[in-house]
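Peer 1: Following this line is structure_24.txt, made up of compact mmCIF, C-alpha atoms (C1' of nucleotides):
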# COMPACT_ATOMS: atom_id res chain seq x y z
CA MET A 1 3.48 -31.63 -228.57
CA ILE A 2 0.77 -29.17 -229.38
CA GLU A 3 3.05 -27.82 -232.06
CA GLU A 4 3.44 -31.23 -233.67
CA ALA A 5 -0.26 -31.85 -233.53
CA ARG A 6 -0.83 -28.60 -235.35
CA ALA A 7 1.99 -29.29 -237.76
CA SER A 8 0.45 -32.56 -238.86
CA ASP A 9 -2.73 -30.59 -239.44
CA SER A 10 -4.86 -33.51 -238.54
CA ARG A 11 -8.37 -32.33 -239.19
CA ASN A 12 -11.22 -34.31 -237.85
CA THR A 13 -14.35 -33.64 -239.80
CA ALA A 14 -16.53 -35.73 -237.53
CA LYS A 15 -18.40 -34.21 -234.63
CA ASP A 16 -17.77 -37.20 -232.41
CA LEU A 17 -16.13 -35.42 -229.50
CA ALA A 18 -17.80 -32.06 -229.70
CA ASP A 19 -20.87 -30.70 -228.02
CA CYS A 20 -19.62 -27.68 -229.87
CA SER A 21 -21.56 -26.78 -232.99
CA CYS A 22 -18.50 -26.83 -235.22
CA TYR A 23 -15.97 -29.47 -236.19
CA ILE A 24 -12.99 -30.30 -234.07
CA VAL A 25 -10.04 -28.79 -235.83
CA HIS A 26 -7.13 -30.15 -233.80
CA PRO A 27 -8.01 -33.34 -231.91
CA GLU A 28 -4.53 -33.79 -230.45
CA CYS A 29 -4.55 -30.30 -228.99
CA VAL A 30 -7.97 -30.94 -227.58
CA GLU A 31 -6.80 -34.17 -226.02
CA ALA A 32 -3.72 -32.51 -224.54
CA ALA A 33 -5.74 -29.67 -223.06
CA ARG A 34 -8.28 -32.11 -221.69
CA SER A 35 -5.76 -34.26 -219.90
CA ALA A 36 -4.27 -31.14 -218.33
CA ALA A 37 -7.67 -30.01 -217.07
CA ILE A 38 -7.95 -28.73 -213.52
CA GLU A 39 -9.72 -31.20 -211.23
CA PRO A 40 -13.32 -30.17 -210.51
CA ARG A 41 -12.68 -29.88 -206.79
CA LEU A 42 -9.72 -27.56 -207.21
CA LEU A 43 -11.57 -25.70 -209.93
CA ALA A 44 -14.44 -24.90 -207.60
CA ALA A 45 -12.11 -23.85 -204.79
CA LEU A 46 -10.17 -21.68 -207.18
CA GLY A 47 -13.32 -19.99 -208.44
CA GLU A 48 -14.48 -19.37 -204.89
CA LEU A 49 -11.14 -17.91 -203.92
CA PHE A 50 -11.06 -15.44 -206.79
CA LYS A 51 -14.73 -14.60 -206.32
CA VAL A 52 -14.03 -13.50 -202.77
CA PHE A 53 -11.26 -11.27 -204.10
CA SER A 54 -13.52 -9.84 -206.78
CA ASP A 55 -15.57 -7.53 -204.57
CA ALA A 56 -14.36 -3.97 -203.96
CA THR A 57 -15.60 -3.90 -200.37
CA ARG A 58 -13.77 -7.09 -199.50
CA LEU A 59 -10.63 -5.87 -201.23
CA ARG A 60 -10.77 -2.69 -199.18
CA ILE A 61 -11.16 -4.73 -196.00
CA LEU A 62 -8.18 -6.88 -196.93
CA GLY A 63 -6.22 -3.76 -197.77
CA ALA A 64 -7.03 -2.24 -194.40
CA LEU A 65 -6.07 -5.42 -192.59
CA SER A 66 -2.78 -5.55 -194.47
CA VAL A 67 -1.74 -2.54 -192.40
CA GLY A 68 -2.52 -4.34 -189.18
CA GLU A 69 -5.11 -5.97 -186.98
CA LEU A 70 -8.46 -4.14 -186.72
CA CYS A 71 -11.76 -4.65 -184.92
CA VAL A 72 -15.03 -4.75 -186.83
CA CYS A 73 -15.94 -1.28 -185.68
CA ASP A 74 -12.65 0.14 -186.91
CA ILE A 75 -13.10 -1.46 -190.29
CA GLY A 76 -16.52 0.10 -190.55
CA ALA A 77 -15.00 3.48 -189.80
CA VAL A 78 -12.22 2.99 -192.33
CA LEU A 79 -14.62 2.09 -195.10
CA GLY A 80 -17.46 4.36 -194.03
CA MET A 81 -19.79 1.43 -193.96
CA THR A 82 -22.41 -0.09 -191.71
CA GLN A 83 -21.31 -2.58 -189.09
CA SER A 84 -23.73 -5.05 -190.60
CA ALA A 85 -22.33 -4.74 -194.09
CA VAL A 86 -18.79 -5.13 -192.79
CA SER A 87 -19.70 -8.12 -190.68
CA HIS A 88 -21.36 -9.83 -193.61
CA GLN A 89 -18.28 -9.42 -195.76
CA LEU A 90 -16.05 -10.54 -192.89
CA ALA A 91 -18.14 -13.69 -192.71
CA VAL A 92 -17.40 -14.31 -196.38
CA LEU A 93 -13.69 -13.67 -195.88
CA ARG A 94 -13.72 -15.94 -192.83
CA ALA A 95 -15.44 -18.75 -194.74
CA ALA A 96 -12.80 -18.44 -197.44
CA GLY A 97 -10.07 -18.63 -194.85
CA LEU A 98 -8.62 -15.28 -195.87
CA VAL A 99 -8.90 -13.69 -192.44
CA ALA A 100 -8.43 -14.91 -188.90
CA TYR A 101 -9.85 -13.35 -185.77
CA ARG A 102 -9.35 -13.13 -182.06
CA ARG A 103 -11.86 -12.11 -179.43
CA GLU A 104 -10.95 -9.73 -176.62
CA GLY A 105 -13.94 -9.00 -174.47
CA LYS A 106 -16.70 -7.58 -176.59
CA THR A 107 -14.28 -6.70 -179.33
CA VAL A 108 -13.27 -9.02 -182.15
CA TYR A 109 -10.00 -8.29 -183.92
CA TYR A 110 -9.50 -9.43 -187.47
CA ARG A 111 -6.24 -9.96 -189.32
CA LEU A 112 -5.10 -11.49 -192.59
CA ALA A 113 -4.98 -15.27 -192.33
CA ASP A 114 -1.59 -15.83 -193.95
CA ASP A 115 0.95 -14.56 -196.44
CA HIS A 116 -0.89 -16.04 -199.41
CA VAL A 117 -3.47 -13.31 -199.06
CA THR A 118 -0.87 -10.56 -199.11
CA THR A 119 0.89 -12.16 -202.04
CA LEU A 120 -2.25 -12.60 -204.12
CA LEU A 121 -3.22 -9.02 -203.39
CA LYS A 122 0.18 -7.74 -204.38
CA MET A 123 0.31 -9.81 -207.56
CA GLY A 124 -3.14 -8.66 -208.53
CA LYS A 125 -2.17 -5.06 -207.93
CA GLU A 126 0.92 -5.41 -210.06
CA HIS A 127 -0.97 -6.93 -212.94
CA ALA A 128 -3.85 -4.46 -212.69
CA SER A 129 -1.60 -1.43 -212.60
CA GLU A 130 0.49 -2.68 -215.50
CA ARG A 131 -2.67 -3.21 -217.47
CA ALA A 132 -3.93 0.25 -216.57
CA ARG A 133 -0.63 1.73 -217.72
CA GLY A 134 -0.75 -0.18 -220.98
CA GLU A 135 -4.28 0.97 -221.73
CA ALA A 136 -3.70 4.63 -220.96
CA MET B 137 2.61 2.15 -185.34
CA ILE B 138 -0.62 0.27 -185.09
CA GLU B 139 0.80 -1.45 -182.05
CA GLU B 140 1.51 1.84 -180.32
CA ALA B 141 -1.90 3.15 -181.15
CA ARG B 142 -3.42 0.10 -179.58
CA ALA B 143 -1.07 0.25 -176.63
CA SER B 144 -2.14 3.77 -175.76
CA ASP B 145 -5.70 2.42 -175.85
CA SER B 146 -7.02 5.72 -177.04
CA ARG B 147 -10.73 5.24 -177.13
CA ASN B 148 -12.85 7.71 -178.91
CA THR B 149 -16.36 7.62 -177.61
CA ALA B 150 -17.61 10.07 -180.20
CA LYS B 151 -19.11 8.91 -183.46
CA ASP B 152 -17.52 11.73 -185.40
CA LEU B 153 -15.71 9.65 -188.00
CA ALA B 154 -17.97 6.68 -188.23
CA ASP B 155 -20.88 5.94 -190.49
CA CYS B 156 -20.61 2.74 -188.54
CA SER B 157 -23.25 2.22 -185.88
CA CYS B 158 -20.73 1.72 -183.11
CA TYR B 159 -17.99 3.83 -181.57
CA ILE B 160 -14.55 4.08 -183.07
CA VAL B 161 -12.34 2.02 -180.86
CA HIS B 162 -8.89 2.79 -182.24
CA PRO B 163 -8.76 6.07 -184.15
CA GLU B 164 -5.04 5.83 -184.91
CA CYS B 165 -5.42 2.40 -186.45
CA VAL B 166 -8.33 3.67 -188.47
CA GLU B 167 -6.29 6.61 -189.68
CA ALA B 168 -3.35 4.39 -190.60
CA ALA B 169 -5.55 1.97 -192.51
CA ARG B 170 -7.28 4.83 -194.26
CA SER B 171 -4.10 6.43 -195.50
CA ALA B 172 -2.97 3.07 -196.86
CA ALA B 173 -6.20 2.61 -198.78
CA ILE B 174 -6.04 1.37 -202.35
CA GLU B 175 -6.82 4.11 -204.88
CA PRO B 176 -10.35 3.79 -206.30
CA ARG B 177 -9.07 3.33 -209.84
CA LEU B 178 -6.76 0.47 -208.95
CA LEU B 179 -9.41 -0.96 -206.67
CA ALA B 180 -11.90 -1.20 -209.53
CA ALA B 181 -9.34 -2.73 -211.87
CA LEU B 182 -8.34 -5.21 -209.22
CA GLY B 183 -11.93 -6.24 -208.62
CA GLU B 184 -12.54 -6.66 -212.33
CA LEU B 185 -9.42 -8.75 -212.71
CA PHE B 186 -10.35 -11.16 -209.94
CA LYS B 187 -13.97 -11.26 -211.09
CA VAL B 188 -12.86 -12.56 -214.47
CA PHE B 189 -10.87 -15.25 -212.69
CA SER B 190 -13.83 -16.18 -210.51
CA ASP B 191 -15.82 -18.13 -213.08
CA ALA B 192 -15.25 -21.86 -213.50
CA THR B 193 -15.77 -21.80 -217.24
CA ARG B 194 -13.24 -19.02 -217.71
CA LEU B 195 -10.77 -20.78 -215.43
CA ARG B 196 -11.13 -23.92 -217.52
CA ILE B 197 -10.53 -21.93 -220.67
CA LEU B 198 -7.41 -20.36 -219.18
CA GLY B 199 -6.28 -23.77 -218.01
CA ALA B 200 -6.73 -25.21 -221.48
CA LEU B 201 -4.84 -22.31 -223.06
CA SER B 202 -2.01 -22.76 -220.59
CA VAL B 203 -1.19 -25.97 -222.45
CA GLY B 204 -1.00 -24.14 -225.75
CA GLU B 205 -2.78 -22.12 -228.37
CA LEU B 206 -6.30 -23.29 -229.27
CA CYS B 207 -9.04 -22.24 -231.64
CA VAL B 208 -12.54 -21.47 -230.40
CA CYS B 209 -13.86 -24.74 -231.72
CA ASP B 210 -11.17 -26.71 -229.90
CA ILE B 211 -11.94 -24.95 -226.66
CA GLY B 212 -15.58 -25.82 -227.05
CA ALA B 213 -14.62 -29.47 -227.52
CA VAL B 214 -12.31 -29.43 -224.51
CA LEU B 215 -14.98 -28.02 -222.24
CA GLY B 216 -17.93 -29.77 -223.85
CA MET B 217 -19.62 -26.45 -224.34
CA THR B 218 -21.43 -24.54 -227.02
CA GLN B 219 -19.39 -22.39 -229.39
CA SER B 220 -21.55 -19.47 -228.37
CA ALA B 221 -20.93 -19.91 -224.67
CA VAL B 222 -17.20 -20.21 -225.25
CA SER B 223 -17.11 -17.18 -227.49
CA HIS B 224 -18.97 -15.10 -224.94
CA GLN B 225 -16.48 -15.98 -222.23
CA LEU B 226 -13.58 -15.40 -224.60
CA ALA B 227 -14.94 -11.92 -225.14
CA VAL B 228 -14.80 -11.34 -221.39
CA LEU B 229 -11.25 -12.68 -221.19
CA ARG B 230 -10.29 -10.54 -224.17
CA ALA B 231 -11.76 -7.40 -222.60
CA ALA B 232 -9.77 -8.11 -219.45
CA GLY B 233 -6.60 -8.51 -221.49
CA LEU B 234 -6.04 -12.04 -220.24
CA VAL B 235 -5.99 -13.67 -223.67
CA ALA B 236 -4.63 -12.67 -227.06
CA TYR B 237 -5.72 -14.02 -230.40
CA ARG B 238 -4.58 -14.45 -233.95
CA ARG B 239 -6.67 -15.08 -237.02
CA GLU B 240 -5.71 -17.67 -239.60
CA GLY B 241 -8.30 -17.94 -242.32
CA LYS B 242 -11.65 -18.73 -240.78
CA THR B 243 -10.03 -19.94 -237.61
CA VAL B 244 -9.16 -17.75 -234.63
CA TYR B 245 -6.46 -19.02 -232.29
CA TYR B 246 -6.45 -17.88 -228.68
CA ARG B 247 -3.54 -17.91 -226.27
CA LEU B 248 -2.76 -16.54 -222.82
CA ALA B 249 -1.87 -12.87 -223.02
CA ASP B 250 1.21 -12.91 -220.79
CA ASP B 251 2.95 -14.60 -217.89
CA HIS B 252 0.91 -12.71 -215.29
CA VAL B 253 -2.05 -14.90 -216.14
CA THR B 254 -0.08 -18.08 -215.65
CA THR B 255 1.37 -16.79 -212.42
CA LEU B 256 -1.94 -15.71 -210.96
CA LEU B 257 -3.44 -19.05 -211.89
CA LYS B 258 -0.57 -20.94 -210.31
CA MET B 259 -0.64 -18.85 -207.15
CA GLY B 260 -4.38 -19.30 -206.83
CA LYS B 261 -4.04 -23.03 -207.30
CA GLU B 262 -1.38 -23.24 -204.62
CA HIS B 263 -3.45 -21.34 -202.12
CA ALA B 264 -6.64 -23.21 -202.95
CA SER B 265 -5.05 -26.64 -202.68
CA GLU B 266 -3.33 -25.76 -199.42
CA ARG B 267 -6.65 -24.61 -198.06
CA ALA B 268 -8.36 -27.79 -199.24
CA ARG B 269 -5.69 -29.85 -197.52
CA GLY B 270 -6.06 -27.92 -194.30
CA GLU B 271 -9.81 -28.37 -194.27
CA ALA B 272 -9.82 -32.06 -195.03
C1' DT C 273 -21.31 -13.95 -256.17
C1' DG C 274 -23.26 -17.64 -253.40
C1' DA C 275 -22.84 -21.56 -250.25
C1' DA C 276 -20.50 -23.46 -246.17
C1' DC C 277 -18.02 -22.90 -242.12
C1' DA C 278 -15.88 -20.37 -237.93
C1' DT C 279 -16.63 -16.99 -234.86
C1' DA C 280 -18.98 -12.98 -232.76
C1' DT C 281 -22.88 -10.70 -230.88
C1' DG C 282 -27.73 -9.51 -229.35
C1' DA C 283 -31.73 -10.65 -226.39
C1' DA C 284 -33.95 -13.12 -222.79
C1' DC C 285 -34.19 -15.69 -218.63
C1' DA C 286 -32.90 -18.01 -214.33
C1' DA C 287 -29.50 -18.15 -210.70
C1' DA C 288 -26.27 -15.82 -207.69
C1' DC C 289 -24.79 -11.75 -205.22
C1' DG C 290 -24.29 -7.55 -202.40
C1' DA C 291 -26.65 -3.87 -199.81
C1' DA C 292 -29.89 -2.67 -196.39
C1' DC C 293 -32.86 -3.41 -192.65
C1' DA C 294 -34.21 -5.91 -188.75
C1' DT C 295 -33.02 -8.94 -185.23
C1' DA C 296 -30.19 -12.29 -182.59
C1' DT C 297 -26.07 -13.61 -179.86
C1' DA C 298 -22.39 -12.56 -176.75
C1' DT C 299 -19.78 -10.08 -173.39
C1' DA C 300 -19.09 -6.60 -169.70
C1' DG C 301 -20.57 -4.05 -165.95
C1' DA C 302 -24.02 -2.44 -162.51
C1' DT D 303 -30.50 -10.31 -163.78
C1' DC D 304 -30.97 -6.04 -166.50
C1' DT D 305 -28.75 -2.73 -169.61
C1' DA D 306 -25.48 -1.26 -172.97
C1' DT D 307 -22.21 -2.32 -176.39
C1' DA D 308 -19.93 -5.21 -180.16
C1' DT D 309 -20.60 -8.40 -183.46
C1' DA D 310 -23.25 -11.92 -186.11
C1' DT D 311 -27.02 -13.53 -188.88
C1' DG D 312 -31.69 -13.91 -191.34
C1' DT D 313 -34.42 -11.92 -195.00
C1' DT D 314 -35.85 -9.14 -198.70
C1' DC D 315 -34.79 -6.70 -202.91
C1' DG D 316 -32.58 -4.73 -206.92
C1' DT D 317 -28.71 -5.84 -209.85
C1' DT D 318 -25.44 -8.58 -212.09
C1' DT D 319 -23.95 -12.75 -214.46
C1' DG D 320 -23.71 -17.08 -217.28
C1' DT D 321 -26.11 -19.71 -220.44
C1' DT D 322 -29.14 -20.46 -224.39
C1' DC D 323 -31.24 -19.45 -228.69
C1' DA D 324 -31.21 -16.74 -232.64
C1' DT D 325 -28.75 -14.04 -235.76
C1' DA D 326 -24.91 -11.36 -237.67
C1' DT D 327 -20.11 -10.87 -239.35
C1' DG D 328 -16.29 -12.53 -241.70
C1' DT D 329 -13.59 -15.91 -244.41
C1' DT D 330 -12.80 -19.60 -247.88
C1' DC D 331 -13.77 -21.96 -251.92
C1' DA D 332 -16.34 -23.11 -256.04
Show how you would write the structure in this file as structure tokens.
Peer 2:
Amino acid sequence: MIEEARASDSRNTAKDLADCSCYIVHPECVEAARSAAIEPRLLAALGELFKVFSDATRLRILGALSVGELCVCDIGAVLGMTQSAVSHQLAVLRAAGLVAYRREGKTVYYRLADDHVTTLLKMGKEHASERARGEA
Amino acid sequence: MIEEARASDSRNTAKDLADCSCYIVHPECVEAARSAAIEPRLLAALGELFKVFSDATRLRILGALSVGELCVCDIGAVLGMTQSAVSHQLAVLRAAGLVAYRREGKTVYYRLADDHVTTLLKMGKEHASERARGEA
DNA sequence: TGAACATATGAACAAACGAACATATATAGA
DNA sequence: TCTATATATGTTCGTTTGTTCATATGTTCA
């Protein structure tokens, strides 16, 4: 459909649809892309999800938890970080639903919330390492 | 292995390994998690990758491009954004290797770089929408 | 070559973010 | 209840990030 729109080369010299400073070149393509737009609610959730994954400290925490359940103190030791810093990031991960926890006395054990987390991590790793290989 | 380490309940009351303010509770678990740590180089790349995905504008651009190739001007029209703003974000996406482009006269057409992008987007969407459903 | 258009880039500013420090909550044991 | 330990949270601060405005590069056509 996009192809046909381009093929007909329907140029629209008016600026009717654009907040953009230039002319709309392919109105049909624009319309198609617009109607396929991600809903604002999902868009926000998606952004939040990836944002949580975008921090090195949080990635390291997730990586550590992928080996198995750990308490806050252990995580701090693994990363060589303050308990406070770890706890703050755990709060972020908790809010995003990426980790679950379980209290046992004074100790709180954290674990990955579900398989989605592992999968996203793995997929990201694959892409990142392929990229790195391609650039080198 | 983690299980056994926990089962033996080997508490280490010394603070030898920890920059953390508290005692290391499960040294074996810590050691296991440490040896499974993501290499710094991959970690950085991974963080960068997800960071690029974490912005709503960039996600919308990627979403638009998932329908088909678009020129900068079209993208601006789809998002209702300035050409400058779009171009800046395209530069970020380009640097991350998430989009490819092709010049045709004055016009530059952008497209998704490879299937990894589509896959990551789809996976993120699935997780995000499942989460949203669970919270509602 | 010069004007018009499409895109890219530089600089500046406000908003968002993570680290660090201090402090609060919660649980166990005496 | 008082103390010690484990974790959580509030706040401040330096840095990063996205947008905007202005300008530069690059391409076509006359």
Peer 1: Counting all atoms listed in the file, figure out which residue out of A:Leu43, A:Ile24, A:Val108, A:Leu79 gets nearest to chain D.
Peer 2: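 Between A:Leu43, A:Ile24, A:Val108, A:Leu79, the residue approaching chain D most closely is A:Val108.
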Peer 1: Using only C-alpha atoms (C1' of nucleotides), select each residue of chain A with any atom at most 10 Å away from an atom of chain C, and give the selection as an NGL selection string.
Peer 2: :A and (21-23 or 55 or 57 or 82 or 84-85 or 88-89 or 104-107)
Peer 1: Quick check: residues of chain D within 12 Å of chain B, only C-alpha atoms (C1' of nucleotides), returned as a PyMOL selection string.
Peer 2: chain D and resi 306-309+318-325+327-331
Peer 1: As a PyMOL selection string, could you give me every residue of chain B near chain A (at most 6 Å apart, counting only C-alpha atoms)?
Peer 2: chain B and resi 154-156+160+166+169-170+181-183+186-187+189-192+200+203+210+212-214+216-219+264
Peer 1: Adding 3 Å on each side of the box along x, y and z that holds all listed atoms of range 305-311 of chain D, could you give its centre and edge lengths in Å to one decimal, as AutoDock Vina command-line options?
Peer 2:
--center_x -24.3 --center_y -7.4 --center_z -179.2 --size_x 14.8 --size_y 18.3 --size_z 25.3
Peer 1: Can you tell me how far CA of Leu112 in chain A sits from CA of Glu130 in chain A, in Å to one decimal?
Peer 2: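 So the answer is 25.2 Å.
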Peer 1: Would you mind putting all heavy atoms back on range 50-61 of chain A and writing the result as a PDB file, in the frame of the given file?
Peer 2:
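Everything below was put into result.pdb:
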ATOM      1  N   PHE A  50     -11.123 -16.655-205.987  1.00  0.00           N
ATOM      2  CA  PHE A  50     -11.060 -15.440-206.790  1.00  0.00           C
ATOM      3  C   PHE A  50     -12.344 -14.626-206.649  1.00  0.00           C
ATOM      4  O   PHE A  50     -12.329 -13.397-206.698  1.00  0.00           O
ATOM      5  CB  PHE A  50     -10.797 -15.775-208.253  1.00  0.00           C
ATOM      6  CG  PHE A  50      -9.373 -16.156-208.533  1.00  0.00           C
ATOM      7  CD1 PHE A  50      -9.058 -17.346-209.155  1.00  0.00           C
ATOM      8  CD2 PHE A  50      -8.335 -15.300-208.167  1.00  0.00           C
ATOM      9  CE1 PHE A  50      -7.737 -17.691-209.423  1.00  0.00           C
ATOM     10  CE2 PHE A  50      -7.017 -15.631-208.414  1.00  0.00           C
ATOM     11  CZ  PHE A  50      -6.719 -16.842-209.046  1.00  0.00           C
ATOM     12  N   LYS A  51     -13.457 -15.301-206.467  1.00  0.00           N
ATOM     13  CA  LYS A  51     -14.730 -14.600-206.320  1.00  0.00           C
ATOM     14  C   LYS A  51     -14.707 -13.727-205.063  1.00  0.00           C
ATOM     15  O   LYS A  51     -15.186 -12.595-205.065  1.00  0.00           O
ATOM     16  CB  LYS A  51     -15.895 -15.602-206.243  1.00  0.00           C
ATOM     17  CG  LYS A  51     -17.249 -14.943-206.233  1.00  0.00           C
ATOM     18  CD  LYS A  51     -18.371 -15.950-206.422  1.00  0.00           C
ATOM     19  CE  LYS A  51     -18.316 -16.587-207.809  1.00  0.00           C
ATOM     20  NZ  LYS A  51     -19.328 -17.639-208.006  1.00  0.00           N
ATOM     21  N   VAL A  52     -14.125 -14.261-204.009  1.00  0.00           N
ATOM     22  CA  VAL A  52     -14.030 -13.500-202.770  1.00  0.00           C
ATOM     23  C   VAL A  52     -13.170 -12.253-202.976  1.00  0.00           C
ATOM     24  O   VAL A  52     -13.465 -11.186-202.444  1.00  0.00           O
ATOM     25  CB  VAL A  52     -13.450 -14.369-201.641  1.00  0.00           C
ATOM     26  CG1 VAL A  52     -13.217 -13.547-200.388  1.00  0.00           C
ATOM     27  CG2 VAL A  52     -14.387 -15.526-201.344  1.00  0.00           C
ATOM     28  N   PHE A  53     -12.148 -12.393-203.797  1.00  0.00           N
ATOM     29  CA  PHE A  53     -11.260 -11.270-204.100  1.00  0.00           C
ATOM     30  C   PHE A  53     -11.880 -10.280-205.087  1.00  0.00           C
ATOM     31  O   PHE A  53     -11.327  -9.214-205.310  1.00  0.00           O
ATOM     32  CB  PHE A  53      -9.949 -11.781-204.702  1.00  0.00           C
ATOM     33  CG  PHE A  53      -8.895 -12.124-203.701  1.00  0.00           C
ATOM     34  CD1 PHE A  53      -8.694 -13.430-203.303  1.00  0.00           C
ATOM     35  CD2 PHE A  53      -8.113 -11.127-203.136  1.00  0.00           C
ATOM     36  CE1 PHE A  53      -7.720 -13.755-202.374  1.00  0.00           C
ATOM     37  CE2 PHE A  53      -7.134 -11.441-202.208  1.00  0.00           C
ATOM     38  CZ  PHE A  53      -6.949 -12.760-201.823  1.00  0.00           C
ATOM     39  N   SER A  54     -12.989 -10.647-205.675  1.00  0.00           N
ATOM     40  CA  SER A  54     -13.520  -9.840-206.780  1.00  0.00           C
ATOM     41  C   SER A  54     -14.408  -8.687-206.334  1.00  0.00           C
ATOM     42  O   SER A  54     -14.827  -7.883-207.149  1.00  0.00           O
ATOM     43  CB  SER A  54     -14.305 -10.738-207.739  1.00  0.00           C
ATOM     44  OG  SER A  54     -15.545 -11.106-207.159  1.00  0.00           O
ATOM     45  N   ASP A  55     -14.695  -8.603-205.049  1.00  0.00           N
ATOM     46  CA  ASP A  55     -15.570  -7.530-204.570  1.00  0.00           C
ATOM     47  C   ASP A  55     -14.761  -6.365-203.986  1.00  0.00           C
ATOM     48  O   ASP A  55     -13.848  -6.569-203.183  1.00  0.00           O
ATOM     49  CB  ASP A  55     -16.528  -8.073-203.511  1.00  0.00           C
ATOM     50  CG  ASP A  55     -17.430  -6.981-202.982  1.00  0.00           C
ATOM     51  OD1 ASP A  55     -18.246  -6.459-203.761  1.00  0.00           O
ATOM     52  OD2 ASP A  55     -17.292  -6.627-201.788  1.00  0.00           O
ATOM     53  N   ALA A  56     -15.104  -5.158-204.378  1.00  0.00           N
ATOM     54  CA  ALA A  56     -14.360  -3.970-203.960  1.00  0.00           C
ATOM     55  C   ALA A  56     -14.374  -3.809-202.442  1.00  0.00           C
ATOM     56  O   ALA A  56     -13.339  -3.489-201.835  1.00  0.00           O
ATOM     57  CB  ALA A  56     -14.944  -2.727-204.628  1.00  0.00           C
ATOM     58  N   THR A  57     -15.511  -4.029-201.823  1.00  0.00           N
ATOM     59  CA  THR A  57     -15.600  -3.900-200.370  1.00  0.00           C
ATOM     60  C   THR A  57     -14.645  -4.858-199.672  1.00  0.00           C
ATOM     61  O   THR A  57     -13.897  -4.473-198.771  1.00  0.00           O
ATOM     62  CB  THR A  57     -17.031  -4.188-199.879  1.00  0.00           C
ATOM     63  OG1 THR A  57     -17.921  -3.240-200.476  1.00  0.00           O
ATOM     64  CG2 THR A  57     -17.118  -4.080-198.368  1.00  0.00           C
ATOM     65  N   ARG A  58     -14.657  -6.105-200.127  1.00  0.00           N
ATOM     66  CA  ARG A  58     -13.770  -7.090-199.500  1.00  0.00           C
ATOM     67  C   ARG A  58     -12.309  -6.752-199.747  1.00  0.00           C
ATOM     68  O   ARG A  58     -11.463  -6.905-198.862  1.00  0.00           O
ATOM     69  CB  ARG A  58     -14.113  -8.492-200.017  1.00  0.00           C
ATOM     70  CG  ARG A  58     -15.420  -9.020-199.467  1.00  0.00           C
ATOM     71  CD  ARG A  58     -15.613 -10.487-199.782  1.00  0.00           C
ATOM     72  NE  ARG A  58     -15.885 -10.746-201.187  1.00  0.00           N
ATOM     73  CZ  ARG A  58     -17.091 -10.881-201.712  1.00  0.00           C
ATOM     74  NH1 ARG A  58     -18.147 -10.779-200.939  1.00  0.00           N
ATOM     75  NH2 ARG A  58     -17.251 -11.115-202.995  1.00  0.00           N
ATOM     76  N   LEU A  59     -12.012  -6.263-200.940  1.00  0.00           N
ATOM     77  CA  LEU A  59     -10.630  -5.870-201.230  1.00  0.00           C
ATOM     78  C   LEU A  59     -10.198  -4.737-200.309  1.00  0.00           C
ATOM     79  O   LEU A  59      -9.068  -4.717-199.812  1.00  0.00           O
ATOM     80  CB  LEU A  59     -10.501  -5.424-202.694  1.00  0.00           C
ATOM     81  CG  LEU A  59     -10.472  -6.531-203.743  1.00  0.00           C
ATOM     82  CD1 LEU A  59     -10.492  -5.946-205.142  1.00  0.00           C
ATOM     83  CD2 LEU A  59      -9.251  -7.409-203.548  1.00  0.00           C
ATOM     84  N   ARG A  60     -11.106  -3.811-200.059  1.00  0.00           N
ATOM     85  CA  ARG A  60     -10.770  -2.690-199.180  1.00  0.00           C
ATOM     86  C   ARG A  60     -10.532  -3.195-197.761  1.00  0.00           C
ATOM     87  O   ARG A  60      -9.631  -2.719-197.062  1.00  0.00           O
ATOM     88  CB  ARG A  60     -11.899  -1.657-199.185  1.00  0.00           C
ATOM     89  CG  ARG A  60     -12.018  -0.927-200.514  1.00  0.00           C
ATOM     90  CD  ARG A  60     -13.219  -0.002-200.518  1.00  0.00           C
ATOM     91  NE  ARG A  60     -13.037   1.165-199.662  1.00  0.00           N
ATOM     92  CZ  ARG A  60     -14.038   1.859-199.110  1.00  0.00           C
ATOM     93  NH1 ARG A  60     -15.290   1.473-199.305  1.00  0.00           N
ATOM     94  NH2 ARG A  60     -13.796   2.907-198.369  1.00  0.00           N
ATOM     95  N   ILE A  61     -11.346  -4.149-197.333  1.00  0.00           N
ATOM     96  CA  ILE A  61     -11.160  -4.730-196.000  1.00  0.00           C
ATOM     97  C   ILE A  61      -9.793  -5.397-195.918  1.00  0.00           C
ATOM     98  O   ILE A  61      -9.028  -5.175-194.971  1.00  0.00           O
ATOM     99  CB  ILE A  61     -12.270  -5.752-195.670  1.00  0.00           C
ATOM    100  CG1 ILE A  61     -13.614  -5.040-195.536  1.00  0.00           C
ATOM    101  CG2 ILE A  61     -11.939  -6.517-194.393  1.00  0.00           C
ATOM    102  CD1 ILE A  61     -14.784  -5.967-195.242  1.00  0.00           C
TER     103      ILE A  61
END
